[in-house]
>>> print(open('target-v4.txt').read())   # compact mmCIF, C-alpha atoms
# COMPACT_ATOMS: atom_id res chain seq x y z
CA MET N 92 -21.86 153.73 41.11
CA THR N 93 -24.31 154.43 43.93
CA THR N 94 -23.37 151.14 45.59
CA THR N 95 -19.68 152.02 45.45
CA MET N 96 -20.28 155.45 46.99
CA ASN N 97 -22.33 153.88 49.78
CA LYS N 98 -19.46 151.49 50.56
CA ILE N 99 -17.02 154.40 50.71
CA ARG N 100 -19.33 156.31 53.07
CA VAL N 101 -19.68 153.28 55.33
CA ALA N 102 -15.90 152.77 55.35
CA LEU N 103 -15.31 156.43 56.24
CA ALA N 104 -17.93 156.25 58.98
CA ILE N 105 -16.25 153.17 60.48
CA ALA N 106 -12.85 154.85 60.27
CA ALA N 107 -14.21 157.96 61.98
CA LEU N 108 -15.79 155.86 64.72
CA THR N 109 -12.55 153.94 65.25
CA LEU N 110 -10.55 157.19 65.49
CA THR N 111 -13.05 158.67 67.92
CA THR N 112 -12.93 155.54 70.09
CA ALA N 113 -9.13 155.47 70.08
CA THR N 114 -8.97 159.16 70.98
CA ALA N 115 -11.44 158.66 73.82
CA SER N 116 -9.42 155.71 75.07
CA MET N 117 -6.24 157.79 75.08
CA ALA N 118 -8.07 160.57 76.91
CA GLN N 119 -9.16 158.11 79.58
CA ALA N 120 -5.65 156.68 80.01
CA PRO N 121 -3.17 159.53 79.28
CA LEU N 122 0.53 158.85 79.03
CA LYS N 123 2.15 159.58 82.41
CA ILE N 124 5.91 159.92 82.65
CA GLY N 125 7.86 160.12 85.90
CA TYR N 126 11.55 160.44 86.65
CA THR N 127 13.92 159.72 89.50
CA SER N 128 17.56 160.19 90.44
CA VAL N 129 19.04 156.75 91.03
CA GLU N 130 22.12 158.29 92.69
CA TYR N 131 19.98 160.30 95.11
CA VAL N 132 17.80 157.33 96.08
CA LEU N 133 20.82 155.05 96.53
CA SER N 134 22.52 157.64 98.76
CA GLN N 135 19.45 157.65 101.03
CA MET N 136 19.28 153.85 101.36
CA PRO N 137 20.89 152.30 104.47
CA GLU N 138 22.73 149.89 102.19
CA SER N 139 24.84 152.75 100.81
CA LYS N 140 26.80 153.17 104.06
CA GLN N 141 27.44 149.43 104.28
CA ILE N 142 28.62 149.36 100.67
CA GLU N 143 30.90 152.35 101.24
CA SER N 144 32.41 150.72 104.33
CA GLN N 145 32.98 147.37 102.62
CA LEU N 146 34.57 149.01 99.60
CA LYS N 147 36.89 151.00 101.86
CA ASP N 148 37.97 147.85 103.72
CA TYR N 149 38.53 145.99 100.46
CA SER N 150 40.58 148.87 99.05
CA THR N 151 42.70 148.96 102.23
CA GLN N 152 43.48 145.24 101.91
CA LEU N 153 44.64 145.73 98.33
CA LYS N 154 46.76 148.75 99.28
CA ASN N 155 48.43 146.87 102.14
CA GLN N 156 49.35 144.05 99.77
CA LEU N 157 50.74 146.53 97.26
CA ASP N 158 52.73 148.33 99.95
CA THR N 159 54.28 144.99 100.99
CA LYS N 160 55.34 144.28 97.43
CA TYR N 161 56.82 147.74 97.01
CA ALA N 162 58.71 147.53 100.32
CA GLU N 163 60.28 144.25 99.19
CA TYR N 164 61.25 145.81 95.87
CA GLN N 165 62.76 148.86 97.56
CA THR N 166 64.77 146.80 100.06
CA LYS N 167 66.19 144.50 97.42
CA GLY N 168 66.88 147.43 95.10
CA GLU N 169 68.90 149.26 97.71
CA ALA N 170 70.84 146.09 98.55
CA PHE N 171 71.59 145.58 94.88
CA GLN N 172 72.86 149.15 94.47
CA LYS N 173 75.23 148.73 97.39
CA GLY N 174 76.64 145.34 96.46
CA ALA N 175 76.45 145.24 92.68
CA ALA N 176 80.08 146.35 92.19
CA THR N 177 81.44 143.30 94.00
CA MET N 178 78.99 140.70 92.67
CA PRO N 179 80.10 138.10 90.13
CA ASP N 180 78.44 138.65 86.75
CA PRO N 181 75.99 135.69 87.05
CA VAL N 182 74.85 136.82 90.52
CA ARG N 183 74.44 140.43 89.40
CA ALA N 184 72.43 139.35 86.35
CA ASP N 185 70.22 137.14 88.53
CA LYS N 186 69.56 140.00 90.97
CA GLN N 187 68.70 142.35 88.12
CA LYS N 188 66.27 139.81 86.74
CA GLU N 189 64.68 139.41 90.18
CA LEU N 190 64.18 143.18 90.49
CA GLN N 191 62.67 143.36 87.01
CA ASN N 192 60.23 140.61 87.91
CA LEU N 193 59.26 142.39 91.13
CA GLN N 194 58.72 145.63 89.24
CA GLN N 195 56.50 143.88 86.71
CA SER N 196 54.59 142.15 89.51
CA ILE N 197 53.84 145.51 91.15
CA GLN N 198 52.56 147.00 87.90
CA GLU N 199 50.37 143.98 87.17
CA PHE N 200 48.99 144.01 90.71
CA GLN N 201 48.02 147.68 90.40
CA GLN N 202 46.07 146.96 87.21
CA SER N 203 44.45 143.87 88.72
CA ALA N 204 43.50 145.77 91.89
CA GLU N 205 41.69 148.46 89.92
CA THR N 206 39.64 145.88 88.02
CA SER N 207 38.95 143.90 91.19
CA LEU N 208 37.73 147.01 93.02
CA GLN N 209 35.27 147.84 90.23
CA GLN N 210 33.95 144.27 90.21
CA LYS N 211 33.58 144.37 94.00
CA GLN N 212 31.53 147.57 93.76
CA GLN N 213 29.23 146.05 91.12
CA ALA N 214 28.70 142.94 93.24
CA LEU N 215 27.90 144.99 96.36
CA LEU N 216 25.56 147.33 94.48
CA LYS N 217 23.55 144.62 92.71
CA PRO N 218 21.20 143.73 95.63
CA ALA N 219 20.53 147.43 96.30
CA LEU N 220 19.87 148.12 92.61
CA ASP N 221 17.57 145.10 92.35
CA LYS N 222 15.63 146.34 95.38
CA LEU N 223 15.45 149.83 93.86
CA GLN N 224 14.17 148.49 90.53
CA GLN N 225 11.44 146.44 92.24
CA THR N 226 10.36 149.48 94.26
CA ILE N 227 10.29 151.72 91.17
CA ASP N 228 8.11 149.15 89.42
CA ALA N 229 5.72 149.08 92.39
CA VAL N 230 5.52 152.89 92.67
CA ALA N 231 4.98 153.25 88.91
CA ASN N 232 2.13 150.72 88.95
CA GLU N 233 0.47 152.22 92.03
CA ASN N 234 0.65 155.79 90.72
CA GLY N 235 -0.13 155.13 87.06
CA PHE N 236 3.25 156.04 85.58
CA THR N 237 3.69 154.61 82.09
CA TYR N 238 7.41 155.36 81.96
CA VAL N 239 10.01 156.31 84.58
CA LEU N 240 13.27 157.94 83.47
CA ASN N 241 16.61 158.29 85.23
CA SER N 242 17.60 161.96 85.56
CA ASP N 243 21.26 161.29 86.45
CA GLY N 244 24.31 161.65 84.25
CA ALA N 245 26.29 164.32 82.44
CA SER N 246 23.79 163.97 79.59
CA PRO N 247 20.65 162.97 81.47
CA VAL N 248 17.84 161.16 79.72
CA LEU N 249 15.44 163.72 81.20
CA LEU N 250 15.84 167.21 79.75
CA HIS N 251 12.76 168.80 81.33
CA GLY N 252 10.11 167.76 83.77
CA PRO N 253 7.80 169.27 86.38
CA LYS N 254 8.54 168.70 90.05
CA GLU N 255 5.39 166.61 90.43
CA GLY N 256 6.87 164.11 87.98
CA ASP N 257 9.78 163.30 90.33
CA ILE N 258 8.98 160.00 92.06
CA SER N 259 12.26 159.72 94.00
CA ASP N 260 10.65 160.49 97.36
CA LEU N 261 7.77 158.11 96.59
CA VAL N 262 10.31 155.36 95.97
CA LEU N 263 12.08 156.12 99.26
CA LYS N 264 8.83 156.19 101.22
CA LYS N 265 7.85 152.88 99.64
CA MET N 266 11.03 151.42 101.14
CA GLY N 267 10.24 152.98 104.51
CA ILE N 268 12.96 155.63 104.21
CA THR N 269 12.38 159.27 105.14
CA PRO N 270 13.61 161.41 102.21
CA GLY N 271 16.57 163.61 103.09
CA ALA N 272 17.25 161.86 106.39
CA ALA N 273 20.54 160.39 105.19
CA SER N 274 23.54 162.22 103.81
CA ALA N 275 23.47 162.70 100.06
CA ALA N 276 26.91 161.22 99.51
CA LYS N 277 27.24 159.01 96.46
CA VAL N 278 28.50 155.44 96.64
CA THR N 279 31.79 155.80 94.82
CA THR N 280 34.59 153.41 94.07
CA PRO N 281 37.67 154.20 96.20
CA ALA N 282 40.76 155.05 94.19
CA ALA N 283 42.70 151.99 93.17
CA PRO N 284 45.68 151.44 95.48
CA ALA N 285 48.91 152.85 94.17
CA ALA N 286 52.42 152.48 95.47
CA SER N 287 55.06 155.17 95.08
CA ALA N 288 56.51 155.40 91.62
CA VAL N 289 58.55 152.28 91.02
CA PRO N 290 62.10 153.33 90.11
CA ALA N 291 63.47 151.54 87.10
CA ALA N 292 67.05 152.56 87.70
CA ALA N 293 67.85 149.61 89.96
CA THR N 294 67.01 147.12 87.26
CA LYS N 295 69.21 148.85 84.74
CA THR N 296 72.24 149.62 86.89
CA LYS N 297 75.49 148.78 85.19
CA THR N 298 78.68 148.61 87.22
CA LYS N 299 82.16 147.71 86.21
CA THR N 300 83.72 144.73 87.88
CA LYS N 301 86.97 145.40 89.64
CA LYS N 302 89.99 144.02 87.91
>>> encode(input="target-v4.txt", output="structure tokens")
Amino acid sequence: MTTTMNKIRVALAIAALTLTTATASMAQAPLKIGYTSVEYVLSQMPESKQIESQLKDYSTQLKNQLDTKYAEYQTKGEAFQKGAATMPDPVRADKQKELQNLQQSIQEFQQSAETSLQQKQQALLKPALDKLQQTIDAVANENGFTYVLNSDGASPVLLHGPKEGDISDLVLKKMGITPGAASAAKVTTPAAPAASAVPAAATKTKTKTKK
């Protein structure tokens, strides 16, 4: 019985020592959490203006192409309205089919342009985001941050944090950027190009042939 009690005492002593050591270790290396606004840092980076400009140019190209398609549709639609009454049935049916195809082409192009614009933005942002991630890693390591959270979003990951926990300016300085020097405009995707509402009446016009 005495031997068993001694073993229990030794086990408890070891457990207590282990707990004390672990607590001391945690006290020496406390958990340090920082946060940053990715949107704010990106807006300060020189790359943001280049990205904004390239996205605007790309959006303009798509809009010009869409405007060309719509102008063709409008011209042919007006011609059809004027001459439909005197067209032979096969010709009129062919023209109607052509207008329907043009209308569908415009709608498909609008959808494709929106997707293409989003993909273009992602491709342009990737190098800047990679650079930002590498800088955040460096700042976190140099300043002893265990975790870094992103404070952006309608439901931000960060719900509360002291000002000294914000490493955004440290990240900017690490990249050689003076905080607040640039405008705080976000890099946003331009609105997808849209033509005027495509009238469907021209493709459904029914006229009586003259007898």
>>> closest_residue(input="target-v4.txt", among="N:Thr159, N:Ser144, N:Thr226, N:Gln201", to="Gly267 (chain N)", atoms="only C-alpha atoms")
N:Thr226
>>> atom_distance(input="target-v4.txt", atom1="CA of Met266 (chain N)", atom2="CA of Met136 (chain N)")
8.6 Å
>>> atom_distance(input="target-v4.txt", atom1="CA of Gln145 (chain N)", atom2="CA of Gln198 (chain N)")
24.5 Å
>>> atom_distance(input="target-v4.txt", atom1="CA of Leu240 (chain N)", atom2="CA of Leu208 (chain N)")
28.4 Å
>>> closest_residue(input="target-v4.txt", among="N:Arg183, N:Lys254, N:Lys222, N:Lys265", to="Ile124 (chain N)", atoms="only C-alpha atoms")
N:Lys254
>>> closest_residue(input="target-v4.txt", among="N:Gln212, N:Ser207, N:Thr166, N:Asn192", to="Gln141 (chain N)", atoms="only C-alpha atoms")
N:Gln212
>>> closest_residue(input="target-v4.txt", among="N:Leu153, N:Ala175, N:Leu223, N:Ala231", to="Ile197 (chain N)", atoms="all atoms listed in the file")
N:Leu153
>>> decode(input="target-v4.txt", residues="region 152-191 of chain N", atoms="N, CA and C atoms", output="PDB file, in the first residue's frame")
ATOM      1  N   GLN N 152     -12.634  47.965 -74.045  1.00  0.00           N
ATOM      2  CA  GLN N 152     -12.558  47.110 -75.235  1.00  0.00           C
ATOM      3  C   GLN N 152     -13.810  46.234 -75.364  1.00  0.00           C
ATOM      4  N   LEU N 153     -14.222  45.674 -74.247  1.00  0.00           N
ATOM      5  CA  LEU N 153     -15.413  44.816 -74.260  1.00  0.00           C
ATOM      6  C   LEU N 153     -16.663  45.629 -74.606  1.00  0.00           C
ATOM      7  N   LYS N 154     -16.758  46.829 -74.046  1.00  0.00           N
ATOM      8  CA  LYS N 154     -17.923  47.672 -74.313  1.00  0.00           C
ATOM      9  C   LYS N 154     -17.979  48.088 -75.779  1.00  0.00           C
ATOM     10  N   ASN N 155     -16.820  48.417 -76.354  1.00  0.00           N
ATOM     11  CA  ASN N 155     -16.789  48.803 -77.770  1.00  0.00           C
ATOM     12  C   ASN N 155     -17.263  47.658 -78.658  1.00  0.00           C
ATOM     13  N   GLN N 156     -16.842  46.450 -78.322  1.00  0.00           N
ATOM     14  CA  GLN N 156     -17.265  45.282 -79.101  1.00  0.00           C
ATOM     15  C   GLN N 156     -18.769  45.066 -78.965  1.00  0.00           C
ATOM     16  N   LEU N 157     -19.282  45.263 -77.767  1.00  0.00           N
ATOM     17  CA  LEU N 157     -20.716  45.093 -77.539  1.00  0.00           C
ATOM     18  C   LEU N 157     -21.510  46.174 -78.270  1.00  0.00           C
ATOM     19  N   ASP N 158     -21.006  47.393 -78.251  1.00  0.00           N
ATOM     20  CA  ASP N 158     -21.680  48.494 -78.952  1.00  0.00           C
ATOM     21  C   ASP N 158     -21.742  48.225 -80.456  1.00  0.00           C
ATOM     22  N   THR N 159     -20.682  47.629 -81.006  1.00  0.00           N
ATOM     23  CA  THR N 159     -20.655  47.291 -82.434  1.00  0.00           C
ATOM     24  C   THR N 159     -21.725  46.268 -82.764  1.00  0.00           C
ATOM     25  N   LYS N 160     -21.835  45.266 -81.903  1.00  0.00           N
ATOM     26  CA  LYS N 160     -22.853  44.224 -82.113  1.00  0.00           C
ATOM     27  C   LYS N 160     -24.259  44.810 -82.047  1.00  0.00           C
ATOM     28  N   TYR N 161     -24.470  45.690 -81.059  1.00  0.00           N
ATOM     29  CA  TYR N 161     -25.795  46.268 -80.902  1.00  0.00           C
ATOM     30  C   TYR N 161     -26.145  47.184 -82.072  1.00  0.00           C
ATOM     31  N   ALA N 162     -25.165  47.942 -82.559  1.00  0.00           N
ATOM     32  CA  ALA N 162     -25.407  48.836 -83.698  1.00  0.00           C
ATOM     33  C   ALA N 162     -25.811  48.033 -84.933  1.00  0.00           C
ATOM     34  N   GLU N 163     -25.165  46.893 -85.130  1.00  0.00           N
ATOM     35  CA  GLU N 163     -25.511  46.018 -86.257  1.00  0.00           C
ATOM     36  C   GLU N 163     -26.940  45.505 -86.107  1.00  0.00           C
ATOM     37  N   TYR N 164     -27.271  45.093 -84.894  1.00  0.00           N
ATOM     38  CA  TYR N 164     -28.618  44.579 -84.627  1.00  0.00           C
ATOM     39  C   TYR N 164     -29.671  45.657 -84.881  1.00  0.00           C
ATOM     40  N   GLN N 165     -29.395  46.875 -84.408  1.00  0.00           N
ATOM     41  CA  GLN N 165     -30.339  47.971 -84.550  1.00  0.00           C
ATOM     42  C   GLN N 165     -30.554  48.340 -86.018  1.00  0.00           C
ATOM     43  N   THR N 166     -29.456  48.393 -86.773  1.00  0.00           N
ATOM     44  CA  THR N 166     -29.543  48.750 -88.197  1.00  0.00           C
ATOM     45  C   THR N 166     -30.358  47.720 -88.973  1.00  0.00           C
ATOM     46  N   LYS N 167     -30.048  46.459 -88.742  1.00  0.00           N
ATOM     47  CA  LYS N 167     -30.761  45.397 -89.452  1.00  0.00           C
ATOM     48  C   LYS N 167     -32.216  45.292 -88.999  1.00  0.00           C
ATOM     49  N   GLY N 168     -32.466  45.601 -87.719  1.00  0.00           N
ATOM     50  CA  GLY N 168     -33.835  45.576 -87.213  1.00  0.00           C
ATOM     51  C   GLY N 168     -34.694  46.648 -87.852  1.00  0.00           C
ATOM     52  N   GLU N 169     -34.128  47.839 -87.976  1.00  0.00           N
ATOM     53  CA  GLU N 169     -34.868  48.936 -88.601  1.00  0.00           C
ATOM     54  C   GLU N 169     -35.137  48.644 -90.080  1.00  0.00           C
ATOM     55  N   ALA N 170     -34.134  48.068 -90.759  1.00  0.00           N
ATOM     56  CA  ALA N 170     -34.313  47.726 -92.179  1.00  0.00           C
ATOM     57  C   ALA N 170     -35.395  46.673 -92.338  1.00  0.00           C
ATOM     58  N   PHE N 171     -35.430  45.728 -91.401  1.00  0.00           N
ATOM     59  CA  PHE N 171     -36.436  44.672 -91.472  1.00  0.00           C
ATOM     60  C   PHE N 171     -37.835  45.255 -91.284  1.00  0.00           C
ATOM     61  N   GLN N 172     -37.982  46.173 -90.317  1.00  0.00           N
ATOM     62  CA  GLN N 172     -39.279  46.775 -90.051  1.00  0.00           C
ATOM     63  C   GLN N 172     -39.815  47.517 -91.279  1.00  0.00           C
ATOM     64  N   LYS N 173     -38.907  48.184 -91.985  1.00  0.00           N
ATOM     65  CA  LYS N 173     -39.327  48.957 -93.145  1.00  0.00           C
ATOM     66  C   LYS N 173     -39.691  48.082 -94.343  1.00  0.00           C
ATOM     67  N   GLY N 174     -38.948  46.992 -94.528  1.00  0.00           N
ATOM     68  CA  GLY N 174     -39.157  46.210 -95.746  1.00  0.00           C
ATOM     69  C   GLY N 174     -39.875  44.900 -95.576  1.00  0.00           C
ATOM     70  N   ALA N 175     -40.274  44.560 -94.350  1.00  0.00           N
ATOM     71  CA  ALA N 175     -40.867  43.250 -94.101  1.00  0.00           C
ATOM     72  C   ALA N 175     -42.148  43.017 -94.895  1.00  0.00           C
ATOM     73  N   ALA N 176     -42.951  44.085 -95.077  1.00  0.00           N
ATOM     74  CA  ALA N 176     -44.250  43.935 -95.737  1.00  0.00           C
ATOM     75  C   ALA N 176     -44.107  43.496 -97.197  1.00  0.00           C
ATOM     76  N   THR N 177     -43.016  43.829 -97.838  1.00  0.00           N
ATOM     77  CA  THR N 177     -42.850  43.492 -99.249  1.00  0.00           C
ATOM     78  C   THR N 177     -41.920  42.292 -99.481  1.00  0.00           C
ATOM     79  N   MET N 178     -41.418  41.703 -98.416  1.00  0.00           N
ATOM     80  CA  MET N 178     -40.495  40.570 -98.554  1.00  0.00           C
ATOM     81  C   MET N 178     -41.253  39.277 -98.815  1.00  0.00           C
ATOM     82  N   PRO N 179     -40.724  38.427 -99.661  1.00  0.00           N
ATOM     83  CA  PRO N 179     -41.297  37.086 -99.810  1.00  0.00           C
ATOM     84  C   PRO N 179     -41.158  36.354 -98.476  1.00  0.00           C
ATOM     85  N   ASP N 180     -42.054  35.428 -98.214  1.00  0.00           N
ATOM     86  CA  ASP N 180     -42.058  34.702 -96.933  1.00  0.00           C
ATOM     87  C   ASP N 180     -40.703  34.089 -96.583  1.00  0.00           C
ATOM     88  N   PRO N 181     -40.008  33.404 -97.495  1.00  0.00           N
ATOM     89  CA  PRO N 181     -38.715  32.798 -97.138  1.00  0.00           C
ATOM     90  C   PRO N 181     -37.672  33.844 -96.728  1.00  0.00           C
ATOM     91  N   VAL N 182     -37.673  34.994 -97.447  1.00  0.00           N
ATOM     92  CA  VAL N 182     -36.712  36.052 -97.123  1.00  0.00           C
ATOM     93  C   VAL N 182     -37.020  36.648 -95.754  1.00  0.00           C
ATOM     94  N   ARG N 183     -38.320  36.897 -95.505  1.00  0.00           N
ATOM     95  CA  ARG N 183     -38.719  37.478 -94.228  1.00  0.00           C
ATOM     96  C   ARG N 183     -38.363  36.534 -93.066  1.00  0.00           C
ATOM     97  N   ALA N 184     -38.590  35.259 -93.253  1.00  0.00           N
ATOM     98  CA  ALA N 184     -38.273  34.273 -92.215  1.00  0.00           C
ATOM     99  C   ALA N 184     -36.764  34.217 -91.959  1.00  0.00           C
ATOM    100  N   ASP N 185     -35.991  34.328 -93.047  1.00  0.00           N
ATOM    101  CA  ASP N 185     -34.530  34.301 -92.916  1.00  0.00           C
ATOM    102  C   ASP N 185     -34.028  35.531 -92.152  1.00  0.00           C
ATOM    103  N   LYS N 186     -34.622  36.695 -92.450  1.00  0.00           N
ATOM    104  CA  LYS N 186     -34.222  37.930 -91.773  1.00  0.00           C
ATOM    105  C   LYS N 186     -34.580  37.873 -90.279  1.00  0.00           C
ATOM    106  N   GLN N 187     -35.754  37.310 -89.994  1.00  0.00           N
ATOM    107  CA  GLN N 187     -36.167  37.178 -88.602  1.00  0.00           C
ATOM    108  C   GLN N 187     -35.202  36.269 -87.836  1.00  0.00           C
ATOM    109  N   LYS N 188     -34.810  35.207 -88.495  1.00  0.00           N
ATOM    110  CA  LYS N 188     -33.871  34.271 -87.866  1.00  0.00           C
ATOM    111  C   LYS N 188     -32.521  34.956 -87.614  1.00  0.00           C
ATOM    112  N   GLU N 189     -32.088  35.768 -88.571  1.00  0.00           N
ATOM    113  CA  GLU N 189     -30.823  36.481 -88.435  1.00  0.00           C
ATOM    114  C   GLU N 189     -30.865  37.438 -87.242  1.00  0.00           C
ATOM    115  N   LEU N 190     -31.991  38.144 -87.092  1.00  0.00           N
ATOM    116  CA  LEU N 190     -32.133  39.086 -85.979  1.00  0.00           C
ATOM    117  C   LEU N 190     -32.167  38.350 -84.637  1.00  0.00           C
ATOM    118  N   GLN N 191     -32.825  37.210 -84.612  1.00  0.00           N
ATOM    119  CA  GLN N 191     -32.871  36.408 -83.386  1.00  0.00           C
ATOM    120  C   GLN N 191     -31.471  35.943 -82.985  1.00  0.00           C
TER     121      GLN N 191
END
